[in-house]
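The next block is start_6.csv, given as CSV, C-alpha atoms.
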chain,number,residue,atom,x,y,z
A,24,ASP,CA,-177.2,375.1,52.3
A,25,PRO,CA,-177.5,372.4,49.6
A,26,THR,CA,-173.7,372.0,49.6
A,27,ALA,CA,-173.5,371.3,53.4
A,28,GLU,CA,-172.9,367.8,54.7
A,29,PRO,CA,-176.2,366.1,55.7
A,30,ASN,CA,-176.9,366.0,59.4
A,31,LEU,CA,-179.5,364.1,61.5
A,32,LEU,CA,-180.6,365.5,64.8
A,33,ALA,CA,-183.3,363.5,66.4
A,34,GLU,CA,-184.7,362.4,69.7
A,35,VAL,CA,-186.3,358.9,70.0
A,36,THR,CA,-188.6,358.1,72.9
A,37,ILE,CA,-189.8,354.6,73.7
A,38,GLU,CA,-192.7,354.6,76.0
A,39,ASP,CA,-193.2,351.8,78.6
A,40,THR,CA,-193.5,348.8,76.2
A,41,ASP,CA,-194.4,345.2,77.2
A,42,ALA,CA,-192.9,342.5,75.0
A,43,GLN,CA,-196.0,340.4,75.4
A,44,ASP,CA,-198.1,343.2,73.9
A,45,LEU,CA,-196.0,342.8,70.7
A,46,ARG,CA,-195.8,339.0,70.8
A,47,PRO,CA,-198.0,336.9,73.2
A,48,ASP,CA,-195.4,334.1,73.6
A,49,ALA,CA,-192.6,336.6,74.5
A,50,PRO,CA,-191.1,336.5,78.0
A,51,PRO,CA,-192.6,339.0,80.5
A,52,VAL,CA,-190.1,341.8,79.8
A,53,SER,CA,-190.9,345.5,79.6
A,54,ALA,CA,-188.7,348.4,78.4
A,55,GLY,CA,-188.6,352.1,77.8
A,56,GLY,CA,-186.1,355.0,77.2
A,57,ARG,CA,-185.0,358.1,75.4
A,58,PHE,CA,-182.1,358.5,72.9
A,59,GLU,CA,-180.6,361.4,71.0
A,60,LEU,CA,-179.0,361.0,67.5
A,61,ASP,CA,-176.6,363.5,66.1
A,62,GLY,CA,-174.7,363.3,62.8
A,63,TRP,CA,-175.0,361.2,59.7
A,64,ILE,CA,-174.1,357.8,58.3
A,65,GLY,CA,-170.4,357.1,59.0
A,66,ALA,CA,-170.2,359.9,61.6
A,67,LEU,CA,-173.2,359.4,64.0
A,68,ARG,CA,-173.3,359.9,67.7
A,69,ALA,CA,-175.9,358.2,70.0
A,70,SER,CA,-176.6,358.8,73.6
A,71,GLY,CA,-179.4,358.3,76.0
A,72,GLU,CA,-181.0,356.4,78.9
A,73,ALA,CA,-183.3,353.3,79.0
A,74,TYR,CA,-184.6,350.7,81.4
A,75,VAL,CA,-185.5,347.0,81.1
A,76,THR,CA,-187.6,345.0,83.6
A,77,ALA,CA,-187.3,341.2,83.6
A,78,PRO,CA,-187.9,338.2,85.9
A,79,ASP,CA,-185.0,337.3,88.2
A,80,ILE,CA,-183.3,340.6,87.3
A,81,GLY,CA,-185.9,343.3,88.2
A,82,ARG,CA,-185.4,346.8,86.9
A,83,THR,CA,-182.1,347.5,85.1
A,84,GLU,CA,-181.3,351.1,84.1
A,85,LEU,CA,-179.0,351.7,81.1
A,86,ASP,CA,-176.9,354.7,80.0
A,87,LEU,CA,-175.3,354.7,76.6
A,88,SER,CA,-172.8,356.9,74.7
A,89,ALA,CA,-171.6,355.6,71.4
A,90,ARG,CA,-170.2,356.8,68.0
A,91,TRP,CA,-170.4,355.3,64.5
A,92,VAL,CA,-167.2,356.5,62.7
A,93,SER,CA,-166.6,355.2,59.2
A,94,ASP,CA,-167.1,351.5,59.6
A,95,THR,CA,-166.5,351.3,63.3
A,96,ILE,CA,-168.8,351.5,66.3
A,97,TYR,CA,-167.1,353.0,69.4
A,98,VAL,CA,-168.7,352.5,72.8
A,99,ASP,CA,-167.4,355.4,74.8
A,100,ALA,CA,-169.4,354.7,77.9
A,101,SER,CA,-172.2,352.2,78.5
A,102,ARG,CA,-173.5,351.6,82.0
A,103,ALA,CA,-176.1,349.2,83.5
A,104,ARG,CA,-177.3,349.5,87.1
A,105,ALA,CA,-179.5,347.1,88.9
A,106,HIS,CA,-180.0,346.5,92.7
A,107,GLY,CA,-176.7,348.2,93.6
A,108,ALA,CA,-174.7,346.4,90.8
A,109,VAL,CA,-173.0,348.5,88.2
A,110,VAL,CA,-171.6,347.2,84.9
A,111,GLN,CA,-169.7,349.5,82.6
A,112,ALA,CA,-168.7,348.7,79.0
A,113,SER,CA,-166.3,350.4,76.6
A,114,GLY,CA,-164.5,349.5,73.4
A,115,HIS,CA,-165.1,349.3,69.6
A,116,VAL,CA,-166.6,346.9,67.1
A,117,LEU,CA,-166.0,346.7,63.3
A,118,PRO,CA,-169.1,344.9,62.0
A,119,ASP,CA,-168.4,342.6,59.1
A,120,GLY,CA,-170.5,339.5,59.4
A,121,GLU,CA,-168.4,336.4,60.2
A,122,ASP,CA,-165.3,338.7,60.1
A,123,THR,CA,-166.6,341.1,62.8
A,124,GLU,CA,-163.7,342.2,65.0
A,125,GLY,CA,-163.1,344.5,67.9
A,126,ASP,CA,-162.4,344.7,71.6
A,127,LEU,CA,-164.8,345.1,74.6
A,128,VAL,CA,-163.9,345.8,78.2
A,129,LEU,CA,-166.5,345.1,81.0
A,130,GLU,CA,-166.0,346.4,84.5
A,131,TRP,CA,-168.4,345.7,87.4
A,132,THR,CA,-168.9,346.4,91.1
A,133,GLY,CA,-171.5,344.8,93.4
A,134,LEU,CA,-172.5,342.2,90.9
A,135,ARG,CA,-174.7,339.5,92.6
A,136,TRP,CA,-176.9,336.5,91.7
A,137,PRO,CA,-179.7,336.5,91.6
A,138,LEU,CA,-179.9,340.3,91.1
A,139,ASP,CA,-183.3,340.4,92.7
A,140,GLY,CA,-183.9,338.8,96.1
A,141,ASP,CA,-181.4,337.0,98.4
A,142,ALA,CA,-178.0,336.7,96.8
A,143,ILE,CA,-176.2,333.3,96.8
A,144,ALA,CA,-173.1,334.7,95.1
A,145,LEU,CA,-171.5,338.1,95.0
A,146,SER,CA,-168.7,339.6,92.9
A,147,PRO,CA,-167.6,342.8,94.6
A,148,SER,CA,-165.5,343.8,91.6
A,149,GLY,CA,-164.1,342.5,88.4
A,150,GLN,CA,-163.0,343.1,84.8
A,151,ALA,CA,-163.4,341.1,81.6
A,152,THR,CA,-161.8,341.8,78.2
A,153,ILE,CA,-162.7,340.2,74.9
A,154,SER,CA,-160.7,341.1,71.8
A,155,GLY,CA,-160.2,339.7,68.3
A,156,THR,CA,-162.6,338.4,65.7
A,157,ARG,CA,-165.7,336.2,66.0
A,158,ALA,CA,-163.6,333.4,64.6
A,159,SER,CA,-160.6,333.9,66.9
A,160,TYR,CA,-160.6,336.0,70.1
A,161,ASP,CA,-158.8,336.4,73.4
A,162,VAL,CA,-160.5,336.4,76.8
A,163,ARG,CA,-159.1,337.9,80.0
A,164,VAL,CA,-161.1,337.9,83.3
A,165,ASP,CA,-160.0,339.2,86.7
A,166,SER,CA,-162.6,339.1,89.5
A,167,ARG,CA,-163.4,338.5,93.1
A,168,LEU,CA,-166.2,336.2,94.3
A,169,LEU,CA,-168.0,335.8,97.6
A,170,SER,CA,-170.5,333.1,98.6
A,171,GLN,CA,-172.1,332.2,101.9
A,172,ASP,CA,-169.8,330.9,104.6
A,173,ARG,CA,-166.9,330.5,102.2
A,174,PRO,CA,-163.6,332.4,101.8
A,175,GLU,CA,-163.4,335.2,99.2
A,176,ILE,CA,-162.1,333.8,95.9
A,177,GLY,CA,-160.0,335.6,93.3
A,178,VAL,CA,-160.7,334.5,89.8
A,179,VAL,CA,-158.2,334.8,86.9
A,180,LEU,CA,-158.9,333.5,83.4
A,181,ARG,CA,-156.8,333.7,80.2
A,182,GLY,CA,-157.9,331.9,77.1
A,183,GLU,CA,-158.3,331.9,73.3
A,184,GLY,CA,-161.6,331.0,71.8
A,185,THR,CA,-163.6,330.3,68.6
A,186,PRO,CA,-167.4,330.2,68.3
A,187,THR,CA,-167.4,326.6,69.6
A,188,THR,CA,-164.1,326.1,71.5
A,189,MET,CA,-161.8,327.6,74.0
A,190,SER,CA,-158.2,326.9,74.9
A,191,ILE,CA,-157.7,327.8,78.5
A,192,ARG,CA,-154.1,329.0,79.0
A,193,GLU,CA,-154.7,329.6,82.7
A,194,ALA,CA,-157.7,329.5,85.0
A,195,LEU,CA,-156.9,330.4,88.6
A,196,LEU,CA,-159.1,330.3,91.7
A,197,ARG,CA,-157.2,331.9,94.6
A,198,SER,CA,-158.4,332.1,98.2
A,199,SER,CA,-157.2,331.9,101.8
A,200,GLY,CA,-157.9,328.2,101.6
A,201,GLY,CA,-155.5,327.6,98.7
A,202,ASP,CA,-155.1,327.9,94.9
A,203,LEU,CA,-156.6,325.9,92.1
A,204,ARG,CA,-155.1,326.1,88.7
A,205,THR,CA,-156.6,324.6,85.5
A,206,ARG,CA,-155.4,324.4,81.9
A,207,GLY,CA,-156.9,322.6,78.9
A,208,ASP,CA,-159.6,322.7,76.3
A,209,VAL,CA,-163.4,323.0,76.3
A,210,ALA,CA,-165.8,322.8,73.4
A,211,TRP,CA,-169.6,323.3,73.1
A,212,GLY,CA,-172.3,322.9,70.5
A,213,SER,CA,-174.5,319.9,69.8
A,214,GLU,CA,-172.3,318.3,72.5
A,215,SER,CA,-169.9,319.8,75.0
A,216,ARG,CA,-166.5,318.3,75.8
A,217,TRP,CA,-163.6,319.2,78.2
A,218,ASN,CA,-160.1,318.0,78.7
A,219,LEU,CA,-158.6,319.7,81.7
A,220,ASP,CA,-155.5,319.4,83.9
A,221,PHE,CA,-155.7,320.8,87.4
A,222,THR,CA,-153.3,321.6,90.2
A,223,ALA,CA,-154.2,322.5,93.8
A,224,VAL,CA,-151.6,324.3,95.8
A,225,ASP,CA,-151.3,325.2,99.5
A,226,VAL,CA,-154.9,323.9,100.3
A,227,ARG,CA,-155.9,324.5,103.9
A,228,PRO,CA,-158.9,322.3,104.7
A,229,GLU,CA,-159.9,324.2,107.8
A,230,ALA,CA,-160.9,327.1,105.5
A,231,PHE,CA,-163.7,325.0,104.0
A,232,ALA,CA,-164.7,322.7,106.9
A,233,PRO,CA,-167.5,323.5,109.3
A,234,ASP,CA,-166.4,324.9,112.6
A,235,SER,CA,-167.7,321.7,114.3
A,236,ILE,CA,-165.1,319.6,112.5
A,237,ALA,CA,-161.5,320.0,113.7
A,238,LEU,CA,-159.3,319.9,110.6
A,239,ARG,CA,-156.0,321.6,110.1
A,240,GLY,CA,-153.4,321.0,107.5
A,241,LEU,CA,-151.8,321.9,104.2
A,242,PHE,CA,-151.6,319.8,101.0
A,243,GLN,CA,-151.1,319.8,97.3
A,244,ALA,CA,-152.9,317.9,94.5
A,245,ARG,CA,-152.6,317.2,90.8
A,246,GLY,CA,-155.1,315.5,88.5
A,247,ARG,CA,-157.1,315.5,85.2
A,248,SER,CA,-160.7,315.6,84.1
A,249,ARG,CA,-162.1,314.5,80.8
A,250,GLY,CA,-165.8,314.5,79.8
A,251,VAL,CA,-168.6,315.0,77.3
A,252,ARG,CA,-172.1,316.3,77.6
A,253,THR,CA,-174.6,315.2,75.0
A,254,ALA,CA,-178.4,315.5,74.8
A,255,GLN,CA,-178.7,312.1,76.5
A,256,ALA,CA,-176.1,312.2,79.3
A,257,LEU,CA,-173.2,313.7,81.1
A,258,GLN,CA,-170.1,311.5,81.2
A,259,SER,CA,-166.8,312.2,82.9
A,260,THR,CA,-163.5,310.7,84.0
A,261,VAL,CA,-161.6,312.1,87.0
A,262,LEU,CA,-158.0,311.1,87.8
A,263,LEU,CA,-156.4,312.3,91.0
A,264,ASP,CA,-152.8,311.5,90.2
A,265,SER,CA,-151.6,312.5,93.5
A,266,LEU,CA,-152.6,314.3,96.7
A,267,HIS,CA,-150.0,314.8,99.5
A,268,GLY,CA,-149.5,317.0,102.5
A,269,VAL,CA,-150.2,317.1,106.2
A,270,LEU,CA,-153.6,316.8,107.9
A,271,ASN,CA,-153.9,317.1,111.6
A,272,ASP,CA,-150.1,316.8,112.0
A,273,GLU,CA,-150.0,313.5,110.1
A,274,PRO,CA,-148.8,313.0,106.5
A,275,VAL,CA,-151.5,312.3,104.0
A,276,HIS,CA,-151.4,310.7,100.5
A,277,ALA,CA,-154.3,309.9,98.2
A,278,ARG,CA,-155.0,308.6,94.7
A,279,LEU,CA,-158.3,308.3,92.7
A,280,ASP,CA,-159.2,306.9,89.3
A,281,GLY,CA,-162.9,307.0,88.6
A,282,SER,CA,-165.5,307.7,85.9
A,283,GLY,CA,-169.2,308.3,85.8
A,284,ARG,CA,-172.3,308.8,83.6
A,285,VAL,CA,-175.5,310.6,84.5
A,286,PRO,CA,-178.4,310.6,82.0
A,287,PHE,CA,-180.7,313.6,81.4
A,288,GLY,CA,-184.4,313.2,82.4
A,289,ALA,CA,-187.4,315.5,81.8
A,290,THR,CA,-186.3,317.9,84.5
A,291,GLY,CA,-182.5,317.7,84.1
A,292,LEU,CA,-179.8,315.4,85.3
A,293,SER,CA,-181.1,312.2,86.8
A,294,TRP,CA,-178.5,311.5,89.4
A,295,MET,CA,-180.2,308.5,90.8
A,296,GLU,CA,-180.0,306.8,87.4
A,297,GLY,CA,-176.3,307.6,87.0
A,298,THR,CA,-173.4,305.0,86.9
A,299,LEU,CA,-170.0,305.2,88.7
A,300,SER,CA,-166.9,303.1,88.1
A,301,LEU,CA,-164.3,303.3,90.9
A,302,GLU,CA,-161.1,301.9,89.5
A,303,THR,CA,-158.9,303.0,92.4
A,304,LEU,CA,-159.3,304.8,95.7
A,305,GLU,CA,-156.2,304.8,98.0
A,306,VAL,CA,-155.8,307.0,101.1
A,307,GLN,CA,-152.9,306.9,103.4
A,308,TRP,CA,-153.2,309.1,106.5
A,309,GLY,CA,-150.4,308.7,109.0
A,310,GLN,CA,-150.4,305.0,109.9
A,311,ASN,CA,-154.0,304.6,108.6
A,312,HIS,CA,-154.8,303.2,105.1
A,313,LEU,CA,-158.1,302.9,103.2
A,314,SER,CA,-158.7,301.4,99.8
A,315,ALA,CA,-161.8,300.8,97.7
A,316,THR,CA,-162.9,299.7,94.2
A,317,GLY,CA,-166.1,298.8,92.5
A,318,PHE,CA,-169.0,300.1,90.5
A,319,VAL,CA,-172.5,301.6,90.8
A,320,GLU,CA,-175.1,300.8,88.2
A,321,ASP,CA,-178.7,299.5,88.6
A,322,SER,CA,-177.0,297.3,91.2
A,323,LEU,CA,-173.7,298.1,93.0
A,324,ALA,CA,-170.6,296.2,94.0
A,325,ILE,CA,-168.1,298.1,96.1
A,326,THR,CA,-165.4,296.5,98.2
A,327,GLY,CA,-162.8,298.0,100.4
A,328,THR,CA,-160.3,297.4,103.2
A,329,ALA,CA,-159.3,299.6,106.1
A,330,SER,CA,-156.3,299.4,108.3
A,331,LEU,CA,-156.6,302.1,111.0
A,332,PRO,CA,-154.2,301.6,113.8
A,333,ASP,CA,-154.4,305.2,115.0
A,334,LEU,CA,-157.9,306.6,115.1
A,335,SER,CA,-156.8,309.6,117.2
A,336,VAL,CA,-156.0,311.5,114.0
A,337,LEU,CA,-159.7,311.6,113.1
A,338,PRO,CA,-161.5,314.9,113.7
A,339,ALA,CA,-163.5,313.3,116.5
A,340,PRO,CA,-162.9,312.5,120.2
A,341,VAL,CA,-162.0,308.9,119.6
A,342,SER,CA,-158.8,306.7,119.8
A,343,GLY,CA,-157.9,303.1,119.3
A,344,ARG,CA,-157.4,300.6,116.4
A,345,LEU,CA,-159.7,299.4,113.6
A,346,GLU,CA,-159.0,296.7,111.0
A,347,GLY,CA,-161.2,295.0,108.5
A,348,SER,CA,-162.9,294.9,105.2
A,349,PHE,CA,-166.4,295.9,103.9
A,350,GLY,CA,-168.6,295.4,100.9
A,351,LEU,CA,-171.7,296.9,99.5
A,352,SER,CA,-173.8,294.9,97.0
A,353,GLY,CA,-177.3,294.5,95.6
A,354,PRO,CA,-179.8,297.1,94.3
A,355,ARG,CA,-178.5,300.6,94.5
A,356,THR,CA,-181.6,301.8,96.4
A,357,ALA,CA,-181.3,299.2,99.1
A,358,PRO,CA,-177.8,297.6,99.2
A,359,ASP,CA,-176.6,294.9,101.6
A,360,LEU,CA,-173.6,295.6,103.8
A,361,ASP,CA,-170.9,292.9,104.5
A,362,LEU,CA,-168.5,293.5,107.3
A,363,ASP,CA,-165.5,291.8,108.7
A,364,VAL,CA,-164.1,294.2,111.3
A,365,SER,CA,-162.1,294.1,114.5
A,366,ALA,CA,-161.4,296.9,116.9
A,367,SER,CA,-159.3,297.2,120.0
A,368,GLU,CA,-158.5,299.8,122.7
A,369,LEU,CA,-161.4,302.0,121.6
A,370,VAL,CA,-162.0,305.1,123.6
A,371,GLY,CA,-164.7,307.6,122.8
A,372,GLY,CA,-165.8,310.0,125.5
A,373,ALA,CA,-166.9,308.0,128.6
A,374,ILE,CA,-167.0,304.7,126.5
A,375,THR,CA,-164.1,302.3,126.5
A,376,VAL,CA,-164.0,299.0,124.5
A,377,ASP,CA,-161.1,296.6,125.0
A,378,ALA,CA,-161.9,294.5,121.9
A,379,LEU,CA,-164.7,294.1,119.4
A,380,GLY,CA,-165.2,291.9,116.4
A,381,VAL,CA,-168.0,292.1,113.8
A,382,THR,CA,-168.4,289.6,111.0
A,383,GLY,CA,-171.6,289.3,109.0
A,384,ARG,CA,-174.1,290.7,106.5
A,385,ILE,CA,-176.7,293.4,107.1
A,386,GLU,CA,-179.4,292.9,104.5
A,387,ALA,CA,-181.5,295.8,103.5
A,388,ALA,CA,-185.3,295.5,103.6
A,389,ARG,CA,-186.8,295.3,100.1

Taking this structure as input, can you express it in the form of structure tokens?
Amino acid sequence: DPTAEPNLLAEVTIEDTDAQDLRPDAPPVSAGGRFELDGWIGALRASGEAYVTAPDIGRTELDLSARWVSDTIYVDASRARAHGAVVQASGHVLPDGEDTEGDLVLEWTGLRWPLDGDAIALSPSGQATISGTRASYDVRVDSRLLSQDRPEIGVVLRGEGTPTTMSIREALLRSSGGDLRTRGDVAWGSESRWNLDFTAVDVRPEAFAPDSIALRGLFQARGRSRGVRTAQALQSTVLLDSLHGVLNDEPVHARLDGSGRVPFGATGLSWMEGTLSLETLEVQWGQNHLSATGFVEDSLAITGTASLPDLSVLPAPVSGRLEGSFGLSGPRTAPDLDLDVSASELVGGAITVDALGVTGRIEAAR
């Protein structure tokens, strides 16, 4: 019928294809699949199955059901399966170059990394939503994370983004060991920057400490982190405005003001060439007090004082008193240690020391 609307009904089959057969410098990825097309421009339906095999991922099987209606692409159901992980996508996209807009919902179960081999991290379930335009979009993430020998972590993210920035309204990590909330701004591109405020609430250190270390307590913390990552280095400032709570039945307070810079080498961050400036470190634990200040560059100079009249609060079978000062100086790879320390009434297991004094320098072999 020449007056009927045109219609396309086709089946497309892609045989097992190796990307390196098409381009020698391509990654070792292979793919294949079968798709059905039904309809015409502006009213086209596509469905089918495919697979992709790639390093670190293994074989991923794909199911797709989508429609092209007027100017909008609707993803009715798209599913990816690999090594027990299932990721489903749905939503719509209105393609328009820089003004492309839409919304996409991702839901997953059994997601792990790496997908192939022994997993170091697992997300049993989660959902992510992205909506808006390429120039301005909203992000929502709700997920659960598991890692070896660590409590399960609930993840919540709410933010607004552009192609090069994101304003984080709320980022929450929640576990049996406490909650960590973060707000602020991040940016990426030729250089990455961040400006974040964080708050830790109801932190239980025993949830993270090895079983061999006897720690119990509850504390809160508040601080800030600022930084920039360029092609040459990673530079950051961390301020722990306050930490307070109870640790092993004794009140604890701490404050930290420090900054650091780590350059990039041929294989990544060169930590041994990094620098550290420690403006302030103050810790008060029960009657015990520790402070330190200094810097680490090619050489280092760190000094500190310790007044520890009650060693019994430490997670070790020891009691007694310790007072003194210490210093580290010289080349960072072999620093000298200066000590001026006195101890009394020390008891550790079967060892008892009534009084002990140490003053001097321990010079490193160079």

Please build the interface table for range 164-271 of chain A against range 336-347 of chain A with a cut-off of 9 Å, listing for each qualifying residue the nearest atom pair and the distance in Å to one decimal; count all atoms listed in the file, order rows by chain and increasing number, and write it as a Markdown table.
| residue | atom | partner | partner_atom | distance |
| --- | --- | --- | --- | --- |
| A:Ile236 | CA | A:Pro338 | CA | 6.0 |
| A:Ala237 | CA | A:Pro338 | CA | 5.1 |
| A:Leu238 | CA | A:Pro338 | CA | 6.3 |
| A:Leu270 | CA | A:Val336 | CA | 8.4 |
| A:Asn271 | CA | A:Val336 | CA | 6.4 |

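The gap separating CA of Gln150 in chain A from CA of Ala112 in chain A is 9.9 Å, in Å to one decimal.
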
Any idea what the distance is between CA of Leu87 in chain A and CA of Gln111 in chain A?
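These atoms are spaced 9.7 Å apart.
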
What is the distance, in Å and to one decimal place, between CA of Arg206 in chain A and CA of Glu130 in chain A?
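Pair CA of Arg206 in chain A / CA of Glu130 in chain A returns 24.6 Å.
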
Can you tell me which residues surround Arg57 in chain A at a distance of at most 6 Å, considering all atoms listed in the file, apart from same-chain residues fewer than 4 positions away, and format the answer as a ChimeraX atom specification?
/A:35-36,71-72

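Compared by their closest atoms to Ser293 in chain A, and using only C-alpha atoms, the residues A:Ala373, A:Ser154, A:Leu60, A:Gln255 rank with A:Gln255 nearest.
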
Select, from A:Ser199, A:Ser88, A:Ser213, A:Thr185, the residue with the minimum atom-to-atom distance to Val226 in chain A, counting all atoms listed in the file.
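Looking at the shortest contact to Val226 in chain A, the residue is A:Ser199.
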
Show me, as a compact mmCIF listing (two decimals) with C-alpha atoms, in the coordinates of the input, the residues that have an atom within 9 Å of Val98 in chain A when counting only C-alpha atoms, minus same-chain residues fewer than 5 positions from it.
# COMPACT_ATOMS: atom_id res chain seq x y z
CA LEU A 87 -175.30 354.70 76.60
CA SER A 88 -172.80 356.90 74.70
CA ALA A 89 -171.60 355.60 71.40
CA ARG A 90 -170.20 356.80 68.00
CA TRP A 91 -170.40 355.30 64.50
CA ALA A 112 -168.70 348.70 79.00
CA SER A 113 -166.30 350.40 76.60
CA GLY A 114 -164.50 349.50 73.40
CA HIS A 115 -165.10 349.30 69.60
CA VAL A 116 -166.60 346.90 67.10
CA LEU A 127 -164.80 345.10 74.60

Is there a way to get, as a PyMOL selection string, all residues within 7 Å of the point (-187.7, 351.2, 79.8) in file coordinates, counting all atoms listed in the file?
chain A and resi 39+53-56+73-75

Regenerate range 172-191 of chain A at the level of N, CA and C atoms and dump it as a short mmCIF file (atom, residue, chain, number, x, y, z; two decimals), in the coordinates of the input.
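Everything below was put into result-v3.cif:
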data_model
loop_
_atom_site.label_atom_id
_atom_site.label_comp_id
_atom_site.auth_asym_id
_atom_site.auth_seq_id
_atom_site.Cartn_x
_atom_site.Cartn_y
_atom_site.Cartn_z
N ASP A 172 -170.62 331.72 103.73
CA ASP A 172 -169.80 330.90 104.60
C ASP A 172 -168.56 330.31 103.91
N ARG A 173 -168.03 331.00 102.90
CA ARG A 173 -166.90 330.50 102.20
C ARG A 173 -165.86 331.68 102.09
N PRO A 174 -164.54 331.37 102.01
CA PRO A 174 -163.60 332.40 101.80
C PRO A 174 -163.75 333.17 100.52
N GLU A 175 -163.32 334.43 100.48
CA GLU A 175 -163.40 335.20 99.20
C GLU A 175 -162.42 334.50 98.21
N ILE A 176 -162.85 334.45 96.95
CA ILE A 176 -162.10 333.80 95.90
C ILE A 176 -161.71 334.80 94.84
N GLY A 177 -160.43 334.84 94.48
CA GLY A 177 -160.00 335.60 93.30
C GLY A 177 -160.01 334.75 92.10
N VAL A 178 -160.51 335.29 91.00
CA VAL A 178 -160.70 334.50 89.80
C VAL A 178 -159.84 335.17 88.67
N VAL A 179 -159.02 334.36 88.00
CA VAL A 179 -158.20 334.80 86.90
C VAL A 179 -158.44 333.83 85.72
N LEU A 180 -158.75 334.33 84.53
CA LEU A 180 -158.90 333.50 83.40
C LEU A 180 -158.20 334.11 82.17
N ARG A 181 -157.42 333.29 81.48
CA ARG A 181 -156.80 333.70 80.20
C ARG A 181 -157.00 332.60 79.22
N GLY A 182 -157.58 332.96 78.08
CA GLY A 182 -157.90 331.90 77.10
C GLY A 182 -158.02 332.47 75.70
N GLU A 183 -158.08 331.54 74.75
CA GLU A 183 -158.30 331.90 73.30
C GLU A 183 -159.46 331.05 72.85
N GLY A 184 -160.39 331.71 72.13
CA GLY A 184 -161.60 331.00 71.80
C GLY A 184 -161.99 331.15 70.31
N THR A 185 -162.93 330.29 69.92
CA THR A 185 -163.60 330.30 68.60
C THR A 185 -165.10 330.27 68.94
N PRO A 186 -165.98 330.30 67.94
CA PRO A 186 -167.40 330.20 68.30
C PRO A 186 -167.80 328.92 68.99
N THR A 187 -166.99 327.85 68.92
CA THR A 187 -167.40 326.60 69.60
C THR A 187 -166.32 325.98 70.47
N THR A 188 -165.16 326.65 70.64
CA THR A 188 -164.10 326.10 71.50
C THR A 188 -163.40 327.15 72.26
N MET A 189 -162.71 326.72 73.31
CA MET A 189 -161.80 327.60 74.00
C MET A 189 -160.62 326.84 74.56
N SER A 190 -159.45 327.42 74.33
CA SER A 190 -158.20 326.90 74.90
C SER A 190 -157.87 327.72 76.11
N ILE A 191 -157.91 327.10 77.28
CA ILE A 191 -157.70 327.80 78.50
C ILE A 191 -156.18 327.77 78.84
#
